[in-house]
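Peer 1: This is the content of structure37.pdb (PDB, C-alpha atoms and all ligand atoms):
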ATOM      1  CA  MET M  12       0.000   0.000   0.000
ATOM      2  CA  TYR M  13       1.208   3.473  -0.824
ATOM      3  CA  PRO M  14       0.411   6.233   1.661
ATOM      4  CA  LEU M  15      -1.849   8.978   0.326
ATOM      5  CA  PRO M  16      -0.119  12.330   0.755
ATOM      6  CA  THR M  17      -1.705  15.748   0.968
ATOM      7  CA  ALA M  18      -1.547  17.890  -2.151
ATOM      8  CA  ARG M  19       0.402  21.128  -1.889
ATOM      9  CA  LYS M  20      -1.820  24.178  -1.512
ATOM     10  CA  HIS M  21      -0.285  26.375  -4.200
ATOM     11  CA  CYS M  22      -1.070  23.684  -6.733
ATOM     12  CA  GLN M  23      -4.708  24.620  -6.739
ATOM     13  CA  ASN M  24      -4.097  27.509  -9.071
ATOM     14  CA  GLN M  25      -3.484  25.557 -12.257
ATOM     15  CA  GLN M  26      -3.782  28.403 -14.669
ATOM     16  CA  PRO M  27      -0.530  29.592 -16.247
ATOM     17  CA  THR M  28       0.404  33.075 -15.114
ATOM     18  CA  ILE M  29       2.729  34.152 -17.888
ATOM     19  CA  THR M  30       2.537  37.940 -18.231
ATOM     20  CA  ASP M  31       2.950  39.976 -21.416
ATOM     21  CA  SER M  32       6.426  40.955 -20.372
ATOM     22  CA  ASP M  33       7.369  37.297 -20.057
ATOM     23  CA  ARG M  34       6.878  36.562 -23.685
ATOM     24  CA  THR M  35       6.672  38.060 -27.093
ATOM     25  CA  SER M  36       3.593  36.221 -28.300
ATOM     26  CA  SER M  37       1.927  32.867 -28.347
ATOM     27  CA  ASN M  38      -0.677  31.325 -30.588
ATOM     28  CA  THR M  39      -1.643  28.463 -28.351
ATOM     29  CA  ALA M  40      -4.097  29.931 -25.894
ATOM     30  CA  LYS M  41      -7.006  27.521 -25.704
ATOM     31  CA  SER M  42     -10.371  29.225 -25.875
ATOM     32  CA  GLY M  43     -13.780  27.704 -25.418
ATOM     33  CA  SER M  44     -14.505  28.099 -29.113
ATOM     34  CA  ARG M  45     -13.436  25.725 -31.848
ATOM     35  CA  PRO M  46      -9.927  26.555 -33.099
ATOM     36  CA  HIS M  47      -9.690  28.200 -36.496
ATOM     37  CA  ILE M  48      -7.046  26.230 -38.375
ATOM     38  CA  ARG M  49      -5.610  27.582 -41.595
ATOM     39  CA  PRO M  50      -2.555  26.579 -43.591
ATOM     40  CA  ILE M  51       0.521  28.613 -42.719
ATOM     41  CA  SER M  52       3.843  28.995 -44.469
ATOM     42  CA  LEU M  53       6.892  27.127 -43.236
ATOM     43  CA  ASN M  54       8.430  30.396 -42.023
ATOM     44  CA  ASN M  55       5.371  31.296 -39.990
ATOM     45  CA  LEU M  56       5.221  27.757 -38.680
ATOM     46  CA  VAL M  57       8.794  27.917 -37.433
ATOM     47  CA  MET M  58       8.185  31.334 -35.863
ATOM     48  CA  SER M  59       5.057  30.259 -34.038
ATOM     49  CA  ILE M  60       6.648  27.040 -32.800
ATOM     50  CA  ALA M  61       9.642  29.051 -31.578
ATOM     51  CA  ASP M  62       7.325  31.411 -29.654
ATOM     52  CA  ASN M  63       5.421  28.510 -28.208
ATOM     53  CA  LEU M  64       8.578  26.738 -27.107
ATOM     54  CA  LYS M  65       9.784  29.908 -25.398
ATOM     55  CA  ASN M  66       6.456  30.225 -23.635
ATOM     56  CA  VAL M  67       6.416  26.590 -22.507
ATOM     57  CA  ARG M  68       9.961  26.863 -21.188
ATOM     58  CA  LEU M  69       8.945  29.974 -19.267
ATOM     59  CA  ARG M  70       5.974  28.184 -17.766
ATOM     60  CA  ILE M  71       8.207  25.312 -16.671
ATOM     61  CA  GLN M  72      10.763  27.755 -15.265
ATOM     62  CA  LYS M  73       8.132  29.673 -13.278
ATOM     63  CA  ALA M  74       6.416  26.549 -11.985
ATOM     64  CA  ALA M  75       9.739  25.062 -10.916
ATOM     65  CA  LYS M  76      10.702  28.283  -9.152
ATOM     66  CA  ASN M  77       7.349  28.487  -7.357
ATOM     67  CA  ALA M  78       7.831  24.915  -6.173
ATOM     68  CA  GLY M  79      11.391  25.579  -5.010
ATOM     69  CA  ARG M  80      12.711  23.201  -7.657
ATOM     70  CA  GLY M  81      15.412  23.551 -10.303
ATOM     71  CA  GLU M  82      14.232  24.098 -13.875
ATOM     72  CA  THR M  83      16.585  21.369 -15.091
ATOM     73  CA  ASP M  84      14.822  18.818 -12.864
ATOM     74  CA  ILE M  85      11.886  18.901 -15.284
ATOM     75  CA  HIS M  86      12.266  17.458 -18.772
ATOM     76  CA  LEU M  87      10.111  18.505 -21.695
ATOM     77  CA  LEU M  88       8.651  15.777 -23.888
ATOM     78  CA  ALA M  89       7.071  17.225 -27.041
ATOM     79  CA  VAL M  90       3.942  15.294 -27.980
ATOM     80  CA  SER M  91       3.942  15.125 -31.770
ATOM     81  CA  LYS M  92       0.913  12.955 -32.523
ATOM     82  CA  THR M  93      -0.913  14.319 -35.604
ATOM     83  CA  ARG M  94       2.003  16.704 -36.298
ATOM     84  CA  SER M  95       3.826  16.628 -39.627
ATOM     85  CA  PRO M  96       7.521  15.858 -40.060
ATOM     86  CA  ASP M  97       8.007  19.572 -40.939
ATOM     87  CA  GLU M  98       6.548  20.654 -37.594
ATOM     88  CA  ILE M  99       8.618  18.095 -35.702
ATOM     89  CA  ARG M 100      11.775  19.113 -37.557
ATOM     90  CA  ALA M 101      11.106  22.792 -36.807
ATOM     91  CA  LEU M 102      10.891  22.108 -33.088
ATOM     92  CA  HIS M 103      13.876  19.771 -33.197
ATOM     93  CA  GLU M 104      15.969  22.478 -34.852
ATOM     94  CA  LEU M 105      15.135  24.762 -31.929
ATOM     95  CA  GLY M 106      16.852  22.284 -29.636
ATOM     96  CA  GLN M 107      14.015  19.943 -28.627
ATOM     97  CA  LYS M 108      15.286  16.354 -28.540
ATOM     98  CA  ALA M 109      12.542  14.194 -26.983
ATOM     99  CA  PHE M 110       9.282  13.571 -28.886
ATOM    100  CA  GLY M 111       6.297  11.428 -27.942
ATOM    101  CA  GLU M 112       4.016   9.579 -30.360
ATOM    102  CA  ASN M 113       0.699   7.843 -29.559
ATOM    103  CA  TYR M 114       0.029   5.707 -32.628
ATOM    104  CA  VAL M 115       2.401   3.090 -34.014
ATOM    105  CA  GLN M 116       1.465   3.362 -37.694
ATOM    106  CA  GLU M 117       1.465   7.150 -37.695
ATOM    107  CA  ALA M 118       4.923   7.158 -36.128
ATOM    108  CA  LEU M 119       6.284   4.581 -38.589
ATOM    109  CA  ASP M 120       5.009   6.731 -41.455
ATOM    110  CA  LYS M 121       6.800   9.834 -40.144
ATOM    111  CA  LEU M 122      10.078   8.384 -38.886
ATOM    112  CA  PRO M 123      11.829   7.940 -42.275
ATOM    113  CA  ALA M 124      11.446  11.665 -43.049
ATOM    114  CA  LEU M 125      13.189  12.466 -39.744
ATOM    115  CA  ALA M 126      15.904   9.814 -39.878
ATOM    116  CA  ASP M 127      18.660  12.450 -40.026
ATOM    117  CA  CYS M 128      17.484  14.101 -36.762
ATOM    118  CA  SER M 129      18.891  12.889 -33.463
ATOM    119  CA  ILE M 130      15.497  12.509 -31.826
ATOM    120  CA  GLU M 131      14.770  10.455 -28.724
ATOM    121  CA  TRP M 132      11.430   8.776 -29.502
ATOM    122  CA  HIS M 133       8.964   8.029 -26.716
ATOM    123  CA  PHE M 134       5.896   5.880 -27.267
ATOM    124  CA  ILE M 135       3.102   7.258 -25.055
ATOM    125  CA  GLY M 136      -0.147   5.758 -26.401
ATOM    126  CA  PRO M 137      -1.943   2.513 -25.572
ATOM    127  CA  LEU M 138       0.055  -0.359 -27.089
ATOM    128  CA  GLN M 139      -1.452  -3.542 -28.501
ATOM    129  CA  SER M 140       0.771  -6.591 -28.124
ATOM    130  CA  ASN M 141       0.786  -7.261 -31.871
ATOM    131  CA  LYS M 142       2.484  -3.891 -32.455
ATOM    132  CA  SER M 143       5.153  -4.309 -29.788
ATOM    133  CA  ARG M 144       7.951  -5.304 -32.178
ATOM    134  CA  ALA M 145       7.768  -2.028 -34.114
ATOM    135  CA  VAL M 146       7.904  -0.071 -30.864
ATOM    136  CA  ALA M 147      10.768  -2.170 -29.452
ATOM    137  CA  THR M 148      12.694  -1.511 -32.665
ATOM    138  CA  HIS M 149      12.009   2.157 -33.361
ATOM    139  CA  PHE M 150      11.522   3.807 -29.974
ATOM    140  CA  ASP M 151      13.828   4.651 -27.068
ATOM    141  CA  TRP M 152      11.128   4.783 -24.393
ATOM    142  CA  VAL M 153       7.668   3.319 -23.770
ATOM    143  CA  HIS M 154       5.507   5.170 -21.218
ATOM    144  CA  SER M 155       2.411   3.023 -21.466
ATOM    145  CA  VAL M 156       3.389  -0.408 -20.160
ATOM    146  CA  ASP M 157       0.538  -1.808 -18.081
ATOM    147  CA  ARG M 158       0.966  -5.596 -18.184
ATOM    148  CA  LEU M 159       3.719  -8.139 -17.827
ATOM    149  CA  ARG M 160       3.018  -9.915 -21.132
ATOM    150  CA  LEU M 161       3.604  -6.672 -23.035
ATOM    151  CA  ALA M 162       6.807  -5.990 -21.106
ATOM    152  CA  GLU M 163       8.070  -9.515 -21.849
ATOM    153  CA  ARG M 164       7.420  -9.079 -25.556
ATOM    154  CA  LEU M 165       9.177  -5.700 -25.605
ATOM    155  CA  SER M 166      12.183  -7.223 -23.856
ATOM    156  CA  GLN M 167      12.339 -10.221 -26.217
ATOM    157  CA  GLN M 168      11.891  -8.063 -29.309
ATOM    158  CA  ARG M 169      14.320  -5.280 -28.400
ATOM    159  CA  PRO M 170      17.278  -5.542 -30.783
ATOM    160  CA  ALA M 171      20.394  -6.263 -28.708
ATOM    161  CA  ASN M 172      22.472  -3.595 -30.462
ATOM    162  CA  LEU M 173      20.119  -0.824 -29.287
ATOM    163  CA  GLY M 174      20.600  -1.382 -25.569
ATOM    164  CA  PRO M 175      17.733  -1.628 -23.073
ATOM    165  CA  LEU M 176      14.395   0.015 -23.821
ATOM    166  CA  ASN M 177      13.402   2.611 -21.196
ATOM    167  CA  ILE M 178      10.087   1.797 -19.534
ATOM    168  CA  CYS M 179       7.507   3.730 -17.556
ATOM    169  CA  ILE M 180       4.538   1.917 -16.072
ATOM    170  CA  GLN M 181       1.235   3.645 -16.763
ATOM    171  CA  ILE M 182      -0.989   4.229 -13.741
ATOM    172  CA  ASN M 183      -4.723   4.768 -14.099
ATOM    173  CA  ILE M 184      -4.691   7.155 -11.170
ATOM    174  CA  ASP M 185      -8.364   8.123 -11.220
ATOM    175  CA  ASN M 186      -9.706   4.651 -12.100
ATOM    176  CA  GLU M 187     -11.199   5.822 -15.363
ATOM    177  CA  GLU M 188     -12.710   3.128 -17.573
ATOM    178  CA  SER M 189     -11.615   4.897 -20.729
ATOM    179  CA  LYS M 190      -7.947   4.966 -19.707
ATOM    180  CA  SER M 191      -5.219   2.344 -19.751
ATOM    181  CA  GLY M 192      -2.963   1.739 -16.801
ATOM    182  CA  ILE M 193      -2.801  -0.239 -13.586
ATOM    183  CA  ALA M 194      -3.951   0.644 -10.087
ATOM    184  CA  LEU M 195      -1.323   1.923  -7.643
ATOM    185  CA  SER M 196      -1.790  -1.233  -5.588
ATOM    186  CA  GLU M 197      -0.403  -3.318  -8.503
ATOM    187  CA  LEU M 198       2.654  -1.165  -9.100
ATOM    188  CA  GLU M 199       5.183  -2.786  -6.802
ATOM    189  CA  SER M 200       4.672  -6.276  -8.173
ATOM    190  CA  LEU M 201       4.670  -5.282 -11.880
ATOM    191  CA  ALA M 202       7.725  -3.082 -11.351
ATOM    192  CA  GLN M 203       9.630  -5.943  -9.768
ATOM    193  CA  GLN M 204       8.876  -8.238 -12.710
ATOM    194  CA  ILE M 205       9.778  -5.580 -15.281
ATOM    195  CA  ALA M 206      13.031  -4.728 -13.506
ATOM    196  CA  ALA M 207      14.086  -8.367 -13.956
ATOM    197  CA  LEU M 208      13.668  -8.360 -17.761
ATOM    198  CA  PRO M 209      17.032  -8.189 -19.505
ATOM    199  CA  GLN M 210      16.338  -5.806 -22.378
ATOM    200  CA  LEU M 211      14.260  -3.278 -20.414
ATOM    201  CA  ARG M 212      15.280  -0.509 -18.025
ATOM    202  CA  LEU M 213      12.617   0.513 -15.540
ATOM    203  CA  ARG M 214      12.623   4.340 -15.418
ATOM    204  CA  GLY M 215       9.410   5.284 -13.617
ATOM    205  CA  ILE M 216       5.694   5.896 -13.943
ATOM    206  CA  MET M 217       3.377   7.808 -16.263
ATOM    207  CA  ALA M 218      -0.195   8.937 -15.732
ATOM    208  CA  ILE M 219      -2.947  11.070 -17.223
ATOM    209  CA  PRO M 220      -5.253  12.159 -14.383
ATOM    210  CA  ASP M 221      -8.895  12.901 -15.133
ATOM    211  CA  PRO M 222      -8.751  16.484 -16.481
ATOM    212  CA  ASP M 223     -12.377  17.193 -15.570
ATOM    213  CA  GLN M 224     -11.969  16.972 -11.813
ATOM    214  CA  GLU M 225     -11.725  19.871  -9.358
ATOM    215  CA  ALA M 226      -8.304  21.500  -9.075
ATOM    216  CA  SER M 227      -7.823  20.174  -5.555
ATOM    217  CA  SER M 228      -8.582  16.563  -6.603
ATOM    218  CA  LEU M 229      -6.291  16.877  -9.602
ATOM    219  CA  ALA M 230      -3.513  18.065  -7.292
ATOM    220  CA  GLN M 231      -4.263  15.139  -5.001
ATOM    221  CA  SER M 232      -3.947  12.698  -7.928
ATOM    222  CA  PHE M 233      -0.558  14.163  -8.809
ATOM    223  CA  ALA M 234       0.503  14.022  -5.153
ATOM    224  CA  ASN M 235      -0.505  10.351  -4.938
ATOM    225  CA  LEU M 236       1.601   9.626  -8.009
ATOM    226  CA  LYS M 237       4.570  11.426  -6.470
ATOM    227  CA  SER M 238       4.267   9.364  -3.336
ATOM    228  CA  ALA M 239       4.158   6.131  -5.388
ATOM    229  CA  PHE M 240       7.153   7.344  -7.391
ATOM    230  CA  ASP M 241       9.188   7.976  -4.219
ATOM    231  CA  GLN M 242       8.281   4.537  -2.909
ATOM    232  CA  LEU M 243       9.230   2.912  -6.221
ATOM    233  CA  LYS M 244      12.539   4.771  -6.241
ATOM    234  CA  SER M 245      13.365   3.468  -2.786
ATOM    235  CA  LEU M 246      12.925  -0.092  -4.127
ATOM    236  CA  HIS M 247      14.532   0.524  -7.546
ATOM    237  CA  PRO M 248      17.197   3.230  -7.338
ATOM    238  CA  GLU M 249      17.465   3.423 -11.151
ATOM    239  CA  VAL M 250      13.943   4.930 -11.280
ATOM    240  CA  ASP M 251      14.134   8.651 -12.104
ATOM    241  CA  THR M 252      11.054   9.565 -14.148
ATOM    242  CA  LEU M 253       7.664  10.784 -13.004
ATOM    243  CA  SER M 254       5.938  11.508 -16.303
ATOM    244  CA  MET M 255       2.909  13.698 -15.537
ATOM    245  CA  GLY M 256       1.576  17.075 -16.665
ATOM    246  CA  MET M 257       0.214  18.222 -20.036
ATOM    247  CA  SER M 258      -0.511  21.632 -21.606
ATOM    248  CA  ASP M 259      -3.357  22.538 -19.255
ATOM    249  CA  ASP M 260      -2.007  21.202 -15.980
ATOM    250  CA  MET M 261       1.773  21.315 -16.140
ATOM    251  CA  GLU M 262       2.047  23.909 -13.342
ATOM    252  CA  CYS M 263       0.132  21.691 -10.958
ATOM    253  CA  ALA M 264       2.093  18.579 -11.980
ATOM    254  CA  ILE M 265       5.406  20.366 -11.475
ATOM    255  CA  ALA M 266       4.308  21.686  -8.087
ATOM    256  CA  GLU M 267       3.591  18.105  -7.055
ATOM    257  CA  GLY M 268       6.910  16.710  -8.283
ATOM    258  CA  SER M 269       6.716  15.840 -11.989
ATOM    259  CA  THR M 270      10.117  15.213 -13.597
ATOM    260  CA  GLN M 271       8.777  15.115 -17.148
ATOM    261  CA  VAL M 272       5.895  17.032 -18.674
ATOM    262  CA  ARG M 273       4.366  15.790 -21.942
ATOM    263  CA  ILE M 274       3.291  18.817 -23.962
ATOM    264  CA  GLY M 275       1.492  18.880 -27.321
ATOM    265  CA  THR M 276      -1.006  21.717 -27.761
ATOM    266  CA  ALA M 277       1.050  24.398 -26.034
ATOM    267  CA  LEU M 278       3.953  23.684 -28.411
ATOM    268  CA  PHE M 279       2.247  23.017 -31.725
ATOM    269  CA  GLY M 280      -1.118  24.733 -31.313
ATOM    270  CA  PRO M 281      -4.531  23.028 -31.355
ATOM    271  CA  ARG M 282      -4.513  19.561 -32.870
ATOM    272  CA  PRO M 283      -6.250  19.322 -36.255
ATOM    273  CA  PRO M 284      -9.781  17.923 -35.932
ATOM    274  CA  LYS M 285     -10.055  14.205 -36.718
ATOM    275  CA  PRO M 286     -11.032  13.673 -40.363
TER     276      PRO M 286
HETATM  277  C1  LIG P 301      -0.414  10.459 -23.223
HETATM  278  C2  LIG P 301      -0.449  11.893 -23.613
HETATM  279  N1  LIG P 301       0.332  12.765 -22.970
HETATM  280  C3  LIG P 301       0.347  14.062 -23.304
HETATM  281  C4  LIG P 301      -0.438  14.566 -24.313
HETATM  282  C5  LIG P 301      -0.366  16.044 -24.654
HETATM  283  O1  LIG P 301      -1.529  16.725 -24.334
HETATM  284  P1  LIG P 301      -1.641  18.312 -24.594
HETATM  285  O2  LIG P 301      -1.819  18.484 -26.070
HETATM  286  O3  LIG P 301      -2.830  18.713 -23.802
HETATM  287  O4  LIG P 301      -0.393  18.917 -24.108
HETATM  288  C6  LIG P 301      -1.273  13.708 -25.017
HETATM  289  C7  LIG P 301      -2.129  14.203 -26.087
HETATM  290  O5  LIG P 301      -3.003  13.574 -26.592
HETATM  291  C8  LIG P 301      -1.276  12.325 -24.661
HETATM  292  O6  LIG P 301      -2.054  11.440 -25.303
END
Write the structure described by the file as structure tokens, please.

Peer 2:
Amino acid sequence: MYPLPTARKHCQNQQPTITDSDRTSSNTAKSGSRPHIRPISLNNLVMSIADNLKNVRLRIQKAAKNAGRGETDIHLLAVSKTRSPDEIRALHELGQKAFGENYVQEALDKLPALADCSIEWHFIGPLQSNKSRAVATHFDWVHSVDRLRLAERLSQQRPANLGPLNICIQINIDNEESKSGIALSELESLAQQIAALPQLRLRGIMAIPDPDQEASSLAQSFANLKSAFDQLKSLHPEVDTLSMGMSDDMECAIAEGSTQVRIGTALFGPRPPKP
């Protein structure tokens, strides 16, 4: 059993508080209305991604400072699902190295166009066992491991010359039916089994709390994850990653101890509507 900690009070204000003087501009503010998406030139694309990256870095910096943490303790994972190779390349050229993809086929389609970039690829979506080989071969990390059978396949299928695949176990922290992940009570046992697999390296846990809950409950979910992470680290010293926080809640996640925020919309703008 993991103890349930109390969420930190300042976490309850989740809204970013970047002021005009903090930034030049940003095109990512989410409004209640449907985003207007129009084609933009490559130059404009690069400029808006550069602004967005600056803004996201500022948000991370401010949140870390408010939490009495160092900015470098929090890694930025750019979520590039639905984004084109041109958009990914633009962000990569601004210095962003780690990118997260949710869908195996979409990633396989994009990877060849980015083969010359030194990108660290993270798989962050639900993973069916029959697609594990492609992920074991083309990715550096998997954040969504939630069962031993999948972990065993990833370990068996990881090409030896690539070194161990980095693994986070996904936690379904708010017990949502629509989400993948295990309960916190199952973490210790699954982690122990994964840590014993030869071609995997257990790095930590990942979660997507229910975004529709009250700010104080969201903070509590993040705090519970932090407590589980600390416990896991005490059993497996190689564990160093608490992957939590997205565009709308990164401040709260950082306040509660996130070491890696996964950001899509705030970097690339609103995702295109599904066709
Ligand atoms: C697992 C996961 N993490 C992070 C994100 C990024 O979310 P956002 O665009 O709100 O930053 C997504 C987006 O779908 C996701 O699926």

Peer 1: Would you list the residues that come within 10 Å of ligand LIG 301 (chain P)? Count all atoms listed in the file and give the answer as a ChimeraX atom specification.

Peer 2: /M:41,88-93,111-114,134-137,154-155,181,190,217-219,222,254-261,272-282

Peer 1: Tell me which of M:Lys285, M:Ala206, M:Val250, M:Ser269 sits closest to Ala74 of chain M, counting only C-alpha atoms.

Peer 2: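 The answer is M:Ser269, which sits nearest to Ala74 of chain M.
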
Peer 1: Name the residues in contact with Ala162 of chain M at a cut-off of 12 Å, using all atoms listed in the file, excluding same-chain residues fewer than 4 positions from it; report them as a PyMOL selection string.

Peer 2: chain M and resi 138-140+143-144+146-147+153-158+166-169+175-181+201-213

Peer 1: In Å, with one decimal, what is the gap from atom CA of Gln224 of chain M to atom CA of Leu253 of chain M?

Peer 2: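 According to the coordinates, atom CA of Gln224 of chain M and atom CA of Leu253 of chain M are separated by 20.6 Å.
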
Peer 1: Could you please determine the separation between atom CA of Asp223 of chain M and atom CA of Glu262 of chain M in Å, to one decimal place?

Peer 2: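 Separation between atom CA of Asp223 of chain M and atom CA of Glu262 of chain M: 16.1 Å.
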
Peer 1: Mind giving me the straight-line distance from atom CA of Ser227 of chain M to atom CA of Asn77 of chain M in Å, one decimal?

Peer 2: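 Going from atom CA of Ser227 of chain M over to atom CA of Asn77 of chain M, I get 17.4 Å.
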
Peer 1: If you apply the PyMOL selection byres (((chain M and resi 240-248) around 8) and not hetatm) to this file, what residues do you get, as a PyMOL selection string?

Peer 2: chain M and resi 13+199+215-216+236-239+249-251+253

Peer 1: Please write out, as AutoDock Vina command-line options, where the centre of an axis-aligned box around all listed atoms of segment 170-187 of chain M lies and how long its edges are, in Å to one decimal, after adding 6 Å on each side.

Peer 2:
--center_x 5.6 --center_y 0.9 --center_z -21.0 --size_x 45.7 --size_y 26.4 --size_z 31.6

Peer 1: Looking at M:Ser95, M:Ser196, M:Ser189, M:Asn55, which one is nearest to Asn235 of chain M, with distances taken over all atoms listed in the file?

Peer 2: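 Under the stated criterion, the closest residue is M:Ser196.
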
Peer 1: Check the smallest atom-to-atom distance from each of M:Ala226, M:Leu87, M:Leu64, M:Leu56 to Thr270 of chain M using all atoms listed in the file, then report the winner.

Peer 2: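 The shortest atom-to-atom distance to Thr270 of chain M comes from M:Leu87.
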
Peer 1: Would you please work out which residue, of M:Ala264, M:Ala61, M:Ala118, M:Leu159, is nearest to Ile193 of chain M when using all atoms listed in the file?

Peer 2: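 Of the candidates, the smallest distance to Ile193 of chain M is held by M:Leu159.
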
Peer 1: Please expand the PyMOL selection byres (((chain M and resi 220) around 8) and not hetatm) into the concrete residues it hits in this file, giving the result as a PDB file with C-alpha atoms, in the frame of the given file.

Peer 2:
ATOM      1  CA  ASN M 183      -4.723   4.768 -14.099  1.00  0.00           C
ATOM      2  CA  ILE M 184      -4.691   7.155 -11.170  1.00  0.00           C
ATOM      3  CA  ASP M 185      -8.364   8.123 -11.220  1.00  0.00           C
ATOM      4  CA  ALA M 218      -0.195   8.937 -15.732  1.00  0.00           C
ATOM      5  CA  ILE M 219      -2.947  11.070 -17.223  1.00  0.00           C
ATOM      6  CA  ASP M 221      -8.895  12.901 -15.133  1.00  0.00           C
ATOM      7  CA  PRO M 222      -8.751  16.484 -16.481  1.00  0.00           C
ATOM      8  CA  LEU M 229      -6.291  16.877  -9.602  1.00  0.00           C
ATOM      9  CA  SER M 232      -3.947  12.698  -7.928  1.00  0.00           C
ATOM     10  CA  PHE M 233      -0.558  14.163  -8.809  1.00  0.00           C
TER      11      PHE M 233
END

Peer 1: For each of M:Leu198, M:Leu161, M:Ala145, M:Met58, take the minimum atom-to-atom distance to Gln116 of chain M, counting all atoms listed in the file, then give the residue where this is smallest.

Peer 2: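 Using all atoms listed in the file, Gln116 of chain M sits closest to M:Ala145.
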
Peer 1: Decode the PyMOL selection byres (((chain M and resi 150) around 6) and not hetatm) for the given file into explicit residues and return them as a list in words.

Peer 2: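 Listing what the PyMOL selection byres (((chain M and resi 150) around 6) and not hetatm) selects in the shown file: Trp132, His133, Val146, His149, Asp151 and Trp152 of chain M.
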
Peer 1: Taking into account only C-alpha atoms, which residue in the set M:Ala234, M:Leu195, M:Ile130, M:Leu122 is nearest to Gln107 of chain M?

Peer 2: M:Ile130
